[in-house]
$ cat start_34.json   # JSON, C-alpha atoms and all ligand atoms
[["chain", "number", "residue", "atom", "x", "y", "z"],
["I", 196, "MET", "CA", 29.66, -22.39, -50.89],
["I", 197, "ASN", "CA", 30.53, -19.18, -49.07],
["I", 198, "TYR", "CA", 29.11, -17.81, -45.84],
["I", 199, "HIS", "CA", 28.89, -14.32, -44.37],
["I", 200, "GLN", "CA", 28.43, -14.86, -40.67],
["I", 201, "TYR", "CA", 28.40, -17.68, -38.18],
["I", 202, "TYR", "CA", 26.90, -17.13, -34.73],
["I", 203, "PRO", "CA", 27.87, -20.02, -32.46],
["I", 204, "LEU", "CA", 25.29, -18.77, -29.94],
["I", 205, "ASP", "CA", 22.09, -17.16, -31.13],
["I", 206, "VAL", "CA", 18.71, -16.61, -29.51],
["I", 207, "LEU", "CA", 17.06, -14.51, -32.26],
["I", 208, "ASN", "CA", 16.88, -16.74, -35.33],
["I", 209, "GLY", "CA", 14.55, -19.54, -34.28],
["I", 210, "PRO", "CA", 13.42, -20.94, -30.95],
["I", 211, "GLY", "CA", 15.79, -21.53, -28.07],
["I", 212, "THR", "CA", 19.54, -21.19, -28.05],
["I", 213, "ARG", "CA", 20.98, -22.07, -31.44],
["I", 214, "ALA", "CA", 23.90, -21.92, -33.81],
["I", 215, "THR", "CA", 23.17, -19.84, -36.92],
["I", 216, "LEU", "CA", 24.86, -19.75, -40.31],
["I", 217, "PHE", "CA", 24.26, -16.95, -42.83],
["I", 218, "VAL", "CA", 25.33, -18.16, -46.27],
["I", 219, "SER", "CA", 26.33, -15.99, -49.23],
["I", 220, "GLY", "CA", 24.26, -15.65, -52.38],
["I", 221, "CYS", "CA", 20.67, -14.58, -53.02],
["I", 222, "GLU", "CA", 18.85, -13.84, -56.27],
["I", 223, "HIS", "CA", 15.58, -12.44, -54.91],
["I", 224, "GLN", "CA", 16.63, -8.79, -54.53],
["I", 225, "CYS", "CA", 13.77, -7.96, -52.15],
["I", 226, "ARG", "CA", 13.16, -4.23, -51.65],
["I", 227, "GLY", "CA", 14.11, -3.34, -48.10],
["I", 228, "CYS", "CA", 16.38, -6.36, -47.64],
["I", 229, "TYR", "CA", 18.62, -5.74, -44.64],
["I", 230, "ASN", "CA", 21.18, -8.29, -45.82],
["I", 231, "GLN", "CA", 22.14, -6.91, -49.23],
["I", 232, "SER", "CA", 25.82, -7.54, -48.55],
["I", 233, "THR", "CA", 25.05, -11.27, -48.79],
["I", 234, "TRP", "CA", 23.58, -11.17, -52.31],
["I", 235, "ASP", "CA", 26.84, -11.87, -54.13],
["I", 236, "VAL", "CA", 27.48, -15.61, -54.04],
["I", 237, "ARG", "CA", 31.25, -14.92, -54.15],
["I", 238, "SER", "CA", 31.17, -12.67, -51.08],
["I", 239, "GLY", "CA", 32.08, -13.70, -47.56],
["I", 240, "HIS", "CA", 34.28, -16.63, -46.59],
["I", 241, "LEU", "CA", 34.71, -20.11, -47.96],
["I", 242, "PHE", "CA", 32.63, -22.67, -46.08],
["I", 243, "ASP", "CA", 35.29, -25.31, -45.66],
["I", 244, "GLU", "CA", 35.61, -28.58, -43.78],
["I", 245, "ALA", "CA", 36.94, -26.81, -40.69],
["I", 246, "MET", "CA", 33.86, -24.60, -40.53],
["I", 247, "LEU", "CA", 31.57, -27.58, -41.00],
["I", 248, "ASN", "CA", 33.35, -29.44, -38.20],
["I", 249, "ARG", "CA", 33.08, -26.40, -35.94],
["I", 250, "ILE", "CA", 29.31, -26.31, -36.35],
["I", 251, "ILE", "CA", 29.04, -30.02, -35.54],
["I", 252, "ASP", "CA", 31.22, -29.54, -32.46],
["I", 253, "ASP", "CA", 29.20, -26.53, -31.31],
["I", 254, "LEU", "CA", 25.91, -28.42, -31.67],
["I", 255, "ASN", "CA", 27.34, -31.29, -29.62],
["I", 256, "ASP", "CA", 28.87, -29.01, -26.98],
["I", 257, "THR", "CA", 27.39, -30.19, -23.67],
["I", 258, "ARG", "CA", 28.58, -27.10, -21.74],
["I", 259, "VAL", "CA", 26.32, -24.74, -23.70],
["I", 260, "ARG", "CA", 23.36, -26.69, -24.95],
["I", 261, "ARG", "CA", 21.97, -25.60, -28.34],
["I", 262, "ARG", "CA", 18.55, -26.66, -29.47],
["I", 263, "GLY", "CA", 19.56, -26.73, -33.11],
["I", 264, "LEU", "CA", 20.93, -25.06, -36.22],
["I", 265, "SER", "CA", 19.44, -22.14, -38.16],
["I", 266, "LEU", "CA", 20.33, -21.68, -41.84],
["I", 267, "SER", "CA", 19.76, -18.24, -43.31],
["I", 268, "GLY", "CA", 21.49, -15.80, -45.61],
["I", 269, "GLY", "CA", 21.52, -14.90, -48.38],
["I", 270, "ASP", "CA", 19.55, -17.95, -49.40],
["I", 271, "PRO", "CA", 20.52, -21.50, -48.40],
["I", 272, "LEU", "CA", 18.42, -22.83, -51.28],
["I", 273, "LEU", "CA", 20.17, -20.79, -53.98],
["I", 274, "PRO", "CA", 21.09, -23.53, -56.50],
["I", 275, "ALA", "CA", 24.79, -22.75, -56.08],
["I", 276, "ASN", "CA", 24.48, -23.43, -52.33],
["I", 277, "LEU", "CA", 22.60, -26.72, -52.50],
["I", 278, "ALA", "CA", 25.63, -29.03, -52.48],
["I", 279, "GLY", "CA", 27.17, -27.33, -49.46],
["I", 280, "ILE", "CA", 23.89, -27.07, -47.52],
["I", 281, "SER", "CA", 23.03, -30.66, -48.37],
["I", 282, "GLU", "CA", 26.33, -31.88, -46.93],
["I", 283, "LEU", "CA", 25.91, -29.76, -43.81],
["I", 284, "VAL", "CA", 22.35, -30.96, -43.22],
["I", 285, "ALA", "CA", 23.42, -34.59, -43.73],
["I", 286, "ARG", "CA", 26.25, -34.21, -41.20],
["I", 287, "VAL", "CA", 23.95, -32.60, -38.61],
["I", 288, "ARG", "CA", 21.39, -35.34, -39.12],
["I", 289, "SER", "CA", 23.91, -38.13, -38.66],
["I", 290, "GLN", "CA", 26.16, -36.62, -35.99],
["I", 291, "CYS", "CA", 23.92, -34.33, -33.91],
["I", 292, "PRO", "CA", 20.98, -36.43, -32.73],
["I", 293, "GLY", "CA", 18.09, -34.48, -31.25],
["I", 294, "LYS", "CA", 19.05, -31.16, -32.86],
["I", 295, "ASP", "CA", 16.51, -29.40, -35.06],
["I", 296, "ILE", "CA", 17.23, -27.52, -38.28],
["I", 297, "TRP", "CA", 15.41, -24.34, -39.32],
["I", 298, "LEU", "CA", 15.91, -22.91, -42.83],
["I", 299, "TRP", "CA", 14.96, -19.48, -44.22],
["I", 300, "THR", "CA", 14.54, -19.10, -47.97],
["I", 301, "GLY", "CA", 13.22, -16.48, -50.37],
["I", 302, "TYR", "CA", 11.69, -19.22, -52.55],
["I", 303, "ARG", "CA", 8.16, -20.38, -51.87],
["I", 304, "LEU", "CA", 7.76, -23.93, -50.68],
["I", 305, "ASP", "CA", 5.30, -24.76, -53.46],
["I", 306, "ALA", "CA", 7.74, -23.58, -56.16],
["I", 307, "LEU", "CA", 10.87, -25.46, -55.12],
["I", 308, "SER", "CA", 12.81, -27.57, -57.60],
["I", 309, "GLU", "CA", 13.46, -31.28, -57.03],
["I", 310, "ALA", "CA", 16.98, -30.49, -55.88],
["I", 311, "GLN", "CA", 15.75, -27.87, -53.40],
["I", 312, "LEU", "CA", 13.07, -30.23, -52.11],
["I", 313, "ALA", "CA", 15.68, -32.91, -51.52],
["I", 314, "VAL", "CA", 17.40, -30.55, -49.06],
["I", 315, "VAL", "CA", 14.20, -29.29, -47.50],
["I", 316, "SER", "CA", 13.00, -32.85, -46.88],
["I", 317, "ARG", "CA", 15.73, -33.18, -44.24],
["I", 318, "VAL", "CA", 15.11, -29.97, -42.32],
["I", 319, "ASP", "CA", 12.50, -29.58, -39.56],
["I", 320, "VAL", "CA", 11.15, -26.10, -40.24],
["I", 321, "ILE", "CA", 11.18, -23.87, -43.32],
["I", 322, "VAL", "CA", 10.35, -20.15, -43.41],
["I", 323, "ASP", "CA", 9.53, -19.36, -47.04],
["I", 324, "GLY", "CA", 9.00, -16.52, -49.45],
["I", 325, "PRO", "CA", 10.64, -13.19, -50.26],
["I", 326, "PHE", "CA", 10.57, -10.24, -47.88],
["I", 327, "GLU", "CA", 7.85, -7.81, -48.99],
["I", 328, "GLN", "CA", 8.42, -4.32, -47.66],
["I", 329, "GLY", "CA", 4.74, -3.39, -47.91],
["I", 330, "LEU", "CA", 3.83, -6.34, -45.70],
["I", 331, "ALA", "CA", 6.62, -5.85, -43.15],
["I", 332, "ASP", "CA", 5.51, -6.31, -39.56],
["I", 333, "ARG", "CA", 7.93, -6.17, -36.64],
["I", 334, "ARG", "CA", 5.48, -8.07, -34.43],
["I", 335, "LEU", "CA", 5.85, -11.26, -36.51],
["I", 336, "LYS", "CA", 7.86, -14.05, -34.98],
["I", 337, "PHE", "CA", 10.80, -15.41, -36.99],
["I", 338, "ARG", "CA", 9.78, -13.63, -40.23],
["I", 339, "GLY", "CA", 9.86, -10.10, -41.55],
["I", 340, "SER", "CA", 6.68, -9.77, -43.63],
["I", 341, "SER", "CA", 3.26, -11.37, -43.42],
["I", 342, "ASN", "CA", 3.48, -13.11, -46.81],
["I", 343, "GLN", "CA", 6.25, -15.32, -45.44],
["I", 344, "ARG", "CA", 5.09, -18.61, -43.98],
["I", 345, "ILE", "CA", 6.46, -21.06, -41.43],
["I", 346, "PHE", "CA", 6.05, -24.78, -42.07],
["I", 347, "CYS", "CA", 7.23, -27.75, -40.05],
["I", 348, "ARG", "CA", 7.90, -31.17, -41.49],
["I", 349, "SER", "CA", 5.43, -33.90, -40.70],
["I", 350, "GLY", "CA", 6.67, -37.13, -42.27],
["I", 351, "ASP", "CA", 7.05, -36.39, -45.97],
["I", 352, "ALA", "CA", 4.81, -33.32, -45.87],
["I", 353, "PHE", "CA", 5.07, -29.78, -44.54],
["I", 354, "VAL", "CA", 2.24, -28.37, -42.44],
["I", 355, "PRO", "CA", 1.74, -24.87, -41.02],
["I", 356, "TRP", "CA", 3.94, -24.39, -37.98],
["I", 357, "CYS", "CA", 2.13, -24.31, -34.64],
["I", 358, "ASP", "CA", 3.98, -22.05, -32.26],
["I", 359, "GLN", "CA", 4.47, -24.16, -29.15],
["I", 360, "ASP", "CA", 7.58, -22.36, -27.96],
["P", 401, "LIG", "S1", 15.42, -13.44, -49.70],
["P", 401, "LIG", "FE1", 16.26, -12.52, -47.82],
["P", 401, "LIG", "S2", 18.43, -12.15, -48.28],
["P", 401, "LIG", "FE2", 17.42, -12.50, -50.22],
["P", 401, "LIG", "S3", 16.89, -10.43, -50.97],
["P", 401, "LIG", "FE3", 15.09, -11.23, -49.87],
["P", 401, "LIG", "S4", 15.31, -10.49, -47.76],
["P", 401, "LIG", "FE4", 17.33, -10.27, -48.76]]

$ encode --input "start_34.json" --output "structure tokens"
Amino acid sequence: MNYHQYYPLDVLNGPGTRATLFVSGCEHQCRGCYNQSTWDVRSGHLFDEAMLNRIIDDLNDTRVRRRGLSLSGGDPLLPANLAGISELVARVRSQCPGKDIWLWTGYRLDALSEAQLAVVSRVDVIVDGPFEQGLADRRLKFRGSSNQRIFCRSGDAFVPWCDQD
């Protein structure tokens, strides 16, 4: 897996202070996408063990407390990214207790493959669907167009996210 950007401190992509990873690779080709440079799965930098360890260390940094990790792109659920994202999510789950994970994807939740669902089942919040330029609305929180939806995990199911932040 490759990534484009890593923000060790971020207050825009999700609630609270967070660490955010933008991975490489997206097949949705949404009109008006502001991240076209991430579409090529070979672009960016290799997401290696050192980068994974850095994210774990940042999330556990007690000097600057992060609420959690945001995964965006590109698309973290692009099939080519699933192995890398799965490993990252597993490490955060086991080594960063109390941290939440938000994930943005251009796929719709109801159309995910088994492999994609296996990853999603271990994140806390998913923002789904492609960006639709005709439905763009700058007033929306954490999403670019009104067709996109925010779900939070409740046991084995996902339910519409209730904004309590
Ligand atoms: S899903 Fe996101 S990154 Fe991919 S084309 Fe659409 S807006 Fe761009």

$ closest_atom_pairs --input "start_34.json" --of "chain I" --to "ligand LIG 401 (chain P)" --cutoff "12 Å" --atoms "all atoms listed in the file" --output "CSV"
residue,atom,partner,partner_atom,distance
I:His199,CA,P:LIG401,S2,11.4
I:Phe217,CA,P:LIG401,S2,9.3
I:Val218,CA,P:LIG401,S2,9.4
I:Ser219,CA,P:LIG401,S2,8.8
I:Gly220,CA,P:LIG401,FE2,7.8
I:Cys221,CA,P:LIG401,FE2,4.8
I:Glu222,CA,P:LIG401,FE2,6.4
I:His223,CA,P:LIG401,S3,4.6
I:Gln224,CA,P:LIG401,S3,3.9
I:Cys225,CA,P:LIG401,S3,4.2
I:Arg226,CA,P:LIG401,S3,7.3
I:Gly227,CA,P:LIG401,S4,7.3
I:Cys228,CA,P:LIG401,FE4,4.2
I:Tyr229,CA,P:LIG401,FE4,6.3
I:Asn230,CA,P:LIG401,FE4,5.2
I:Gln231,CA,P:LIG401,FE4,5.9
I:Ser232,CA,P:LIG401,S2,8.7
I:Thr233,CA,P:LIG401,S2,6.7
I:Trp234,CA,P:LIG401,S2,6.6
I:Asp235,CA,P:LIG401,FE2,10.2
I:Val236,CA,P:LIG401,FE2,11.2
I:Leu266,CA,P:LIG401,S2,11.7
I:Ser267,CA,P:LIG401,S2,8.0
I:Gly268,CA,P:LIG401,S2,5.5
I:Gly269,CA,P:LIG401,S2,4.1
I:Asp270,CA,P:LIG401,FE2,5.9
I:Pro271,CA,P:LIG401,S2,9.6
I:Leu272,CA,P:LIG401,S1,10.0
I:Leu273,CA,P:LIG401,FE2,9.5
I:Leu298,CA,P:LIG401,FE1,11.5
I:Trp299,CA,P:LIG401,FE1,7.9
I:Thr300,CA,P:LIG401,S1,6.0
I:Gly301,CA,P:LIG401,S1,3.8
I:Tyr302,CA,P:LIG401,S1,7.4
I:Arg303,CA,P:LIG401,S1,10.3
I:Val322,CA,P:LIG401,S1,10.5
I:Asp323,CA,P:LIG401,S1,8.8
I:Gly324,CA,P:LIG401,S1,7.1
I:Pro325,CA,P:LIG401,S1,4.8
I:Phe326,CA,P:LIG401,S4,4.7
I:Glu327,CA,P:LIG401,S4,8.0
I:Gln328,CA,P:LIG401,S4,9.2
I:Ala331,CA,P:LIG401,S4,10.9
I:Arg338,CA,P:LIG401,S4,9.9
I:Gly339,CA,P:LIG401,S4,8.3
I:Ser340,CA,P:LIG401,S4,9.6
I:Gln343,CA,P:LIG401,S1,10.3

$ residues_near_point --input "start_34.json" --point "(3.3, -23.9, -35.2)" --cutoff "8 Å" --atoms "all atoms listed in the file" --output "list of chain:residue names"
I:Ile345, I:Phe346, I:Cys347, I:Pro355, I:Trp356, I:Cys357, I:Asp358, I:Gln359

$ residues_around --input "start_34.json" --residues "Ser281 (chain I)" --least-positions-apart "5" --cutoff "9 Å" --atoms "all atoms listed in the file" --output "ChimeraX atom specification"
/I:276,286,313-315,317

$ residues_around --input "start_34.json" --residues "Cys291 (chain I)" --least-positions-apart "4" --cutoff "8 Å" --atoms "all atoms listed in the file" --output "list in words"
Ile251, Leu254, Asn255, Arg286 and Val287 of chain I

$ closest_residue --input "start_34.json" --among "I:Leu283, I:Ala310, I:Val354, I:Ile321" --to "Asn248 (chain I)" --atoms "only C-alpha atoms"
I:Leu283

$ axis_aligned_box --input "start_34.json" --around "region 198-205 of chain I" --padding-each-side "3 Å" --output "lines of an AutoDock Vina configuration file"
center_x = 25.6
center_y = -17.2
center_z = -37.9
size_x = 13.0
size_y = 11.7
size_z = 21.9

$ atom_distance --input "start_34.json" --atom1 "CA of Gly263 (chain I)" --atom2 "CA of Asp332 (chain I)"
25.6 Å

$ closest_residue --input "start_34.json" --among "I:Arg334, I:Val318, I:Gln311, I:Asn342" --to "Ala275 (chain I)" --atoms "only C-alpha atoms"
I:Gln311

$ closest_residue --input "start_34.json" --among "I:Ser265, I:Asn197, I:Ser341, I:Thr212" --to "Gly279 (chain I)" --atoms "all atoms listed in the file"
I:Asn197

$ residues_near_point --input "start_34.json" --point "(30.9, -23.0, -36.7)" --cutoff "10 Å" --atoms "all atoms listed in the file" --output "list of chain:residue names"
I:Gln200, I:Tyr201, I:Tyr202, I:Pro203, I:Leu204, I:Ala214, I:Thr215, I:Leu216, I:Phe242, I:Ala245, I:Met246, I:Leu247, I:Asn248, I:Arg249, I:Ile250, I:Ile251, I:Asp252, I:Asp253, I:Leu254

$ closest_residue --input "start_34.json" --among "I:Leu304, I:Tyr198, I:Arg288, I:Arg262" --to "Arg237 (chain I)" --atoms "all atoms listed in the file"
I:Tyr198

$ atom_distance --input "start_34.json" --atom1 "CA of Asn208 (chain I)" --atom2 "CA of Ile296 (chain I)"
11.2 Å

$ residues_around --input "start_34.json" --residues "Arg348 (chain I)" --least-positions-apart "5" --cutoff "7 Å" --atoms "only C-alpha atoms" --output "PyMOL selection string"
chain I and resi 319-320+353-354

$ decode --input "start_34.json" --residues "region 259-346 of chain I" --atoms "C-alpha atoms" --output "mmCIF file, in the first residue's frame"
data_model
loop_
_atom_site.group_PDB
_atom_site.id
_atom_site.type_symbol
_atom_site.label_atom_id
_atom_site.label_comp_id
_atom_site.auth_asym_id
_atom_site.auth_seq_id
_atom_site.Cartn_x
_atom_site.Cartn_y
_atom_site.Cartn_z
ATOM 1 C CA VAL I 259 -0.679 15.776 22.507
ATOM 2 C CA ARG I 260 -3.774 13.703 23.000
ATOM 3 C CA ARG I 261 -5.469 12.481 19.805
ATOM 4 C CA ARG I 262 -9.006 11.197 19.853
ATOM 5 C CA GLY I 263 -8.358 8.746 17.051
ATOM 6 C CA LEU I 264 -7.275 7.948 13.510
ATOM 7 C CA SER I 265 -8.912 9.059 10.253
ATOM 8 C CA LEU I 266 -8.382 7.005 7.084
ATOM 9 C CA SER I 267 -9.049 8.747 3.789
ATOM 10 C CA GLY I 268 -7.522 9.024 0.354
ATOM 11 C CA GLY I 269 -7.745 7.945 -2.337
ATOM 12 C CA ASP I 270 -9.849 5.101 -1.032
ATOM 13 C CA PRO I 271 -8.832 2.950 1.943
ATOM 14 C CA LEU I 272 -11.228 0.245 0.731
ATOM 15 C CA LEU I 273 -9.723 -0.038 -2.757
ATOM 16 C CA PRO I 274 -9.094 -3.813 -2.981
ATOM 17 C CA ALA I 275 -5.356 -3.219 -3.411
ATOM 18 C CA ASN I 276 -5.309 -1.329 -0.089
ATOM 19 C CA LEU I 277 -7.240 -3.826 2.016
ATOM 20 C CA ALA I 278 -4.256 -5.811 3.312
ATOM 21 C CA GLY I 279 -2.404 -2.689 4.429
ATOM 22 C CA ILE I 280 -5.468 -1.014 5.958
ATOM 23 C CA SER I 281 -6.456 -4.247 7.681
ATOM 24 C CA GLU I 282 -3.049 -4.510 9.336
ATOM 25 C CA LEU I 283 -3.132 -0.857 10.388
ATOM 26 C CA VAL I 284 -6.633 -1.141 11.850
ATOM 27 C CA ALA I 285 -5.665 -4.333 13.711
ATOM 28 C CA ARG I 286 -2.597 -2.633 15.214
ATOM 29 C CA VAL I 287 -4.604 0.416 16.319
ATOM 30 C CA ARG I 288 -7.243 -1.814 17.857
ATOM 31 C CA SER I 289 -4.730 -3.854 19.830
ATOM 32 C CA GLN I 290 -2.203 -1.160 20.746
ATOM 33 C CA CYS I 291 -4.195 2.091 21.024
ATOM 34 C CA PRO I 292 -7.033 1.446 23.466
ATOM 35 C CA GLY I 293 -9.736 4.099 23.542
ATOM 36 C CA LYS I 294 -8.896 5.553 20.113
ATOM 37 C CA ASP I 295 -11.621 5.682 17.479
ATOM 38 C CA ILE I 296 -11.195 5.019 13.757
ATOM 39 C CA TRP I 297 -13.066 6.928 11.049
ATOM 40 C CA LEU I 298 -12.898 5.752 7.417
ATOM 41 C CA TRP I 299 -13.932 7.567 4.219
ATOM 42 C CA THR I 300 -14.709 5.494 1.132
ATOM 43 C CA GLY I 301 -16.229 6.077 -2.293
ATOM 44 C CA TYR I 302 -17.996 2.702 -2.099
ATOM 45 C CA ARG I 303 -21.466 2.504 -0.601
ATOM 46 C CA LEU I 304 -21.785 0.567 2.614
ATOM 47 C CA ASP I 305 -24.522 -1.659 1.182
ATOM 48 C CA ALA I 306 -22.349 -2.657 -1.801
ATOM 49 C CA LEU I 307 -19.149 -3.666 -0.003
ATOM 50 C CA SER I 308 -17.494 -7.010 -0.675
ATOM 51 C CA GLU I 309 -16.845 -9.536 2.095
ATOM 52 C CA ALA I 310 -13.216 -8.452 2.231
ATOM 53 C CA GLN I 311 -14.164 -4.774 2.530
ATOM 54 C CA LEU I 312 -16.733 -5.570 5.209
ATOM 55 C CA ALA I 313 -14.108 -7.437 7.203
ATOM 56 C CA VAL I 314 -12.125 -4.189 7.455
ATOM 57 C CA VAL I 315 -15.144 -1.990 8.055
ATOM 58 C CA SER I 316 -16.327 -4.242 10.886
ATOM 59 C CA ARG I 317 -13.354 -3.015 12.937
ATOM 60 C CA VAL I 318 -13.736 0.727 12.387
ATOM 61 C CA ASP I 319 -16.051 2.969 14.417
ATOM 62 C CA VAL I 320 -17.422 5.313 11.757
ATOM 63 C CA ILE I 321 -17.658 5.051 7.967
ATOM 64 C CA VAL I 322 -18.446 7.908 5.573
ATOM 65 C CA ASP I 323 -19.606 6.264 2.346
ATOM 66 C CA GLY I 324 -20.330 6.940 -1.282
ATOM 67 C CA PRO I 325 -18.738 8.858 -4.145
ATOM 68 C CA PHE I 326 -18.536 12.644 -4.218
ATOM 69 C CA GLU I 327 -21.313 13.998 -6.444
ATOM 70 C CA GLN I 328 -20.568 17.486 -7.699
ATOM 71 C CA GLY I 329 -24.245 18.311 -8.242
ATOM 72 C CA LEU I 330 -24.972 17.521 -4.593
ATOM 73 C CA ALA I 331 -21.942 19.315 -3.154
ATOM 74 C CA ASP I 332 -22.699 21.334 -0.038
ATOM 75 C CA ARG I 333 -20.002 23.127 1.938
ATOM 76 C CA ARG I 334 -22.240 23.253 5.013
ATOM 77 C CA LEU I 335 -22.128 19.458 5.445
ATOM 78 C CA LYS I 336 -20.009 18.146 8.266
ATOM 79 C CA PHE I 337 -17.303 15.601 7.408
ATOM 80 C CA ARG I 338 -18.607 14.981 3.859
ATOM 81 C CA GLY I 339 -18.615 16.842 0.583
ATOM 82 C CA SER I 340 -21.982 16.003 -1.004
ATOM 83 C CA SER I 341 -25.381 15.160 0.408
ATOM 84 C CA ASN I 342 -25.523 11.641 -1.083
ATOM 85 C CA GLN I 343 -22.664 10.620 1.197
ATOM 86 C CA ARG I 344 -23.711 9.111 4.500
ATOM 87 C CA ILE I 345 -22.132 8.756 7.932
ATOM 88 C CA PHE I 346 -22.653 5.527 9.849
#
